[in-house]
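Enquirer: The structure under discussion is supplied below as structure tokens; questions concerning it will follow.
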Amino acid sequence: MIRMIAAALVASTALAGMAQAGGPTQVAPEPAVAPAPAPVVAPAADWTGGYVGAQLGYGDMGAPGTALDGDGFLGGVHAGYRMDFGQIVAGAELSYDRADIALNGGAKLDDVTRLKLTAGYDLGPALLYGAVGAVRGSVDTGAGSVSDNGWLAGVGMDYALTDQWTVGGEVLNHKFNNFGGLSDVDVTTVQARVGFRF
């Protein structure tokens with residue numbers, strides 16, 4: 001009888017072990033795979049809108065052999081509006097410069113006012129453009145002031161530091177035919193610019 005009880009205990013223990021061994025096992029969860037981060041794309045620059053700013057630079061007024069020849073500094077303010085058509089950007093700008101350009105015979109270029117039409121290529125944060133327009137210059141001769149109208153052409157580039165602030169540069173060539181009845185005059189200006197867009 002004892003043998004039978006012992007055999008039953010051994011058998012039940014063996015069956016319990018087999019049941020545990022063949023029972024369900026815990027499966028380790030598969031590690032979660034994080035999705036790949038989306039590529040960072042710089043926001044497309046939009047040059048549409050109004051802007052104001054200031055400029056400072058150097059001017060060379062050339063009419064050799066006359067009192068209208070000399071060079072010096074000039075600076076002022078500008079305001080304009082641009083339309084961005086995708087890769088082409090067009091606009092108009094009004095600018096005014098006070099000048100300190102000493103000319104022969106004690107004369108001095110007093111100021112320059114410009115109305116420009118611009119068209120350029122949108123390079124994202126940079127805008128490369130050409131400009132044409134009308135210009136009016138005033139010269140203080142010492143005996144009085146002489147003013148005349150002309151035309152201009154040039155190139156420039158603006159770079160967007162933020163959505164609102166820009167820096168840039170511009171080179172313009174101004175042509176005056178028979179300025180004040182004295183002579184044909186060329187004025188070349190090279191200026192650094194800072195602007196605020198709104």
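Just remember, in the structure tokens the first chain shown is A, the second B, etc., residues are 1-based per chain, and ligands are 1-based in the order shown.
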Please identify every residue of stretch 96-115 of chain A that has at least one atom no farther than 6 Å from an atom of stretch 56-77 of chain A, counting only C-alpha atoms, and for each give the shortest atom pair and the distance in Å to one decimal, arranged by chain then increasing number, as a tab-separated table.
Expert:
```
residue	atom	partner	partner_atom	distance
A:Tyr96	CA	A:Gly76	CA	5.5
A:Asp97	CA	A:Gly76	CA	4.1
A:Arg98	CA	A:Gly75	CA	5.7
A:Ala99	CA	A:Leu74	CA	4.1
A:Asp100	CA	A:Phe73	CA	5.4
A:Ile101	CA	A:Gly72	CA	4.2
A:Ala102	CA	A:Gly70	CA	5.7
A:Leu103	CA	A:Gly70	CA	4.5
A:Asn104	CA	A:Ala67	CA	4.4
A:Gly105	CA	A:Ala67	CA	5.6
```
Enquirer: May I have the selected residues written with N, CA and C atoms, as an mmCIF file, in the first residue's frame?
Expert:
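Below you can see result_2.cif, which holds the result:
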```
data_model
loop_
_atom_site.group_PDB
_atom_site.id
_atom_site.type_symbol
_atom_site.label_atom_id
_atom_site.label_comp_id
_atom_site.auth_asym_id
_atom_site.auth_seq_id
_atom_site.Cartn_x
_atom_site.Cartn_y
_atom_site.Cartn_z
ATOM 1 N N TYR A 96 15.762 108.044 -50.576
ATOM 2 C CA TYR A 96 16.310 109.399 -50.452
ATOM 3 C C TYR A 96 17.642 109.316 -49.724
ATOM 4 N N ASP A 97 18.667 109.993 -50.274
ATOM 5 C CA ASP A 97 19.996 110.048 -49.663
ATOM 6 C C ASP A 97 20.427 111.490 -49.462
ATOM 7 N N ARG A 98 20.943 111.798 -48.273
ATOM 8 C CA ARG A 98 21.721 113.018 -48.072
ATOM 9 C C ARG A 98 23.150 112.670 -48.446
ATOM 10 N N ALA A 99 23.833 113.596 -49.085
ATOM 11 C CA ALA A 99 25.179 113.309 -49.577
ATOM 12 C C ALA A 99 26.205 114.293 -49.022
ATOM 13 N N ASP A 100 27.420 113.808 -48.899
ATOM 14 C CA ASP A 100 28.552 114.646 -48.529
ATOM 15 C C ASP A 100 29.650 114.393 -49.563
ATOM 16 N N ILE A 101 29.329 114.704 -50.808
ATOM 17 C CA ILE A 101 30.263 114.486 -51.918
ATOM 18 C C ILE A 101 30.777 115.843 -52.367
ATOM 19 N N ALA A 102 32.025 116.123 -51.987
ATOM 20 C CA ALA A 102 32.647 117.407 -52.341
ATOM 21 C C ALA A 102 33.053 117.384 -53.810
ATOM 22 N N LEU A 103 32.681 118.442 -54.526
ATOM 23 C CA LEU A 103 32.967 118.543 -55.955
ATOM 24 C C LEU A 103 33.996 119.651 -56.191
ATOM 25 N N ASN A 104 34.521 119.690 -57.379
ATOM 26 C CA ASN A 104 35.507 120.727 -57.728
ATOM 27 C C ASN A 104 34.911 122.122 -57.578
ATOM 28 N N GLY A 105 35.761 123.080 -57.252
ATOM 29 C CA GLY A 105 35.326 124.472 -57.179
ATOM 30 C C GLY A 105 34.457 124.777 -55.991
#
```
Enquirer: How would you write, as a list in words, the set of residues in stretch 12-193 of chain A that DSSP gives as helix (DSSP H, G or I)?
Expert: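 Helix (DSSP H, G or I) assignments inside stretch 12-193 of chain A correspond to Ser12, Thr13, Ala14, Leu15, Ala16, Gly17, Met18, Ala19, Gln20, Ala21, Gly22, Asn104, Gly105 and Gly106 of chain A.
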Enquirer: Pick out the residues sitting within 12 Å of A:Leu115, and hand them over as a ChimeraX atom specification; count only C-alpha atoms, and ignore anything fewer than 6 positions along from it in its own chain.
Expert: /A:78-80,91-96,131-136,149-153,174
Enquirer: Would you list, as a PyMOL selection string, the residues of stretch 11-196 of chain A that end up in strand (DSSP E or B) under DSSP run on this structure's backbone?
Expert: chain A and resi 49-62+70-84+88-103+108-122+126-140+145-160+165-179+183-196
Enquirer: Write out as number ranges by chain which residues come within 10 Å of A:Val146 when counting only C-alpha atoms, dropping same-chain ones fewer than 4 positions away.
Expert: A: 109-110, 137-141, 179-181
Enquirer: Take the residues from that selection and put them in a file with C-alpha atoms, as a PDB file, in the first residue's frame.
Expert:
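Final output, result-v9.pdb:
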```pdb
ATOM      1  CA  LEU A 109      26.238 117.074 -54.100  1.00  0.00           C
ATOM      2  CA  ASP A 110      23.469 117.677 -51.551  1.00  0.00           C
ATOM      3  CA  GLY A 137      19.968 115.129 -57.813  1.00  0.00           C
ATOM      4  CA  SER A 138      20.719 118.493 -56.209  1.00  0.00           C
ATOM      5  CA  VAL A 139      24.078 120.273 -56.193  1.00  0.00           C
ATOM      6  CA  ASP A 140      24.993 123.207 -53.982  1.00  0.00           C
ATOM      7  CA  THR A 141      27.311 125.376 -56.089  1.00  0.00           C
ATOM      8  CA  PHE A 179      23.072 118.432 -65.580  1.00  0.00           C
ATOM      9  CA  GLY A 180      21.925 121.981 -64.877  1.00  0.00           C
ATOM     10  CA  GLY A 181      23.045 122.978 -68.364  1.00  0.00           C
TER      11      GLY A 181
END
```
Enquirer: Do you know which residues are at most 6 Å from A:Val171 counting only C-alpha atoms, after dropping those on the same chain fewer than 3 positions away, and could you put them as a ChimeraX atom specification?
Expert: /A:154-155,189-190
Enquirer: What is the distance, in Å and to one decimal place, between atom CA of A:Asp158 and atom CA of A:Gly86?
Expert: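 Atom CA of A:Gly86 lies 16.5 Å from atom CA of A:Asp158.
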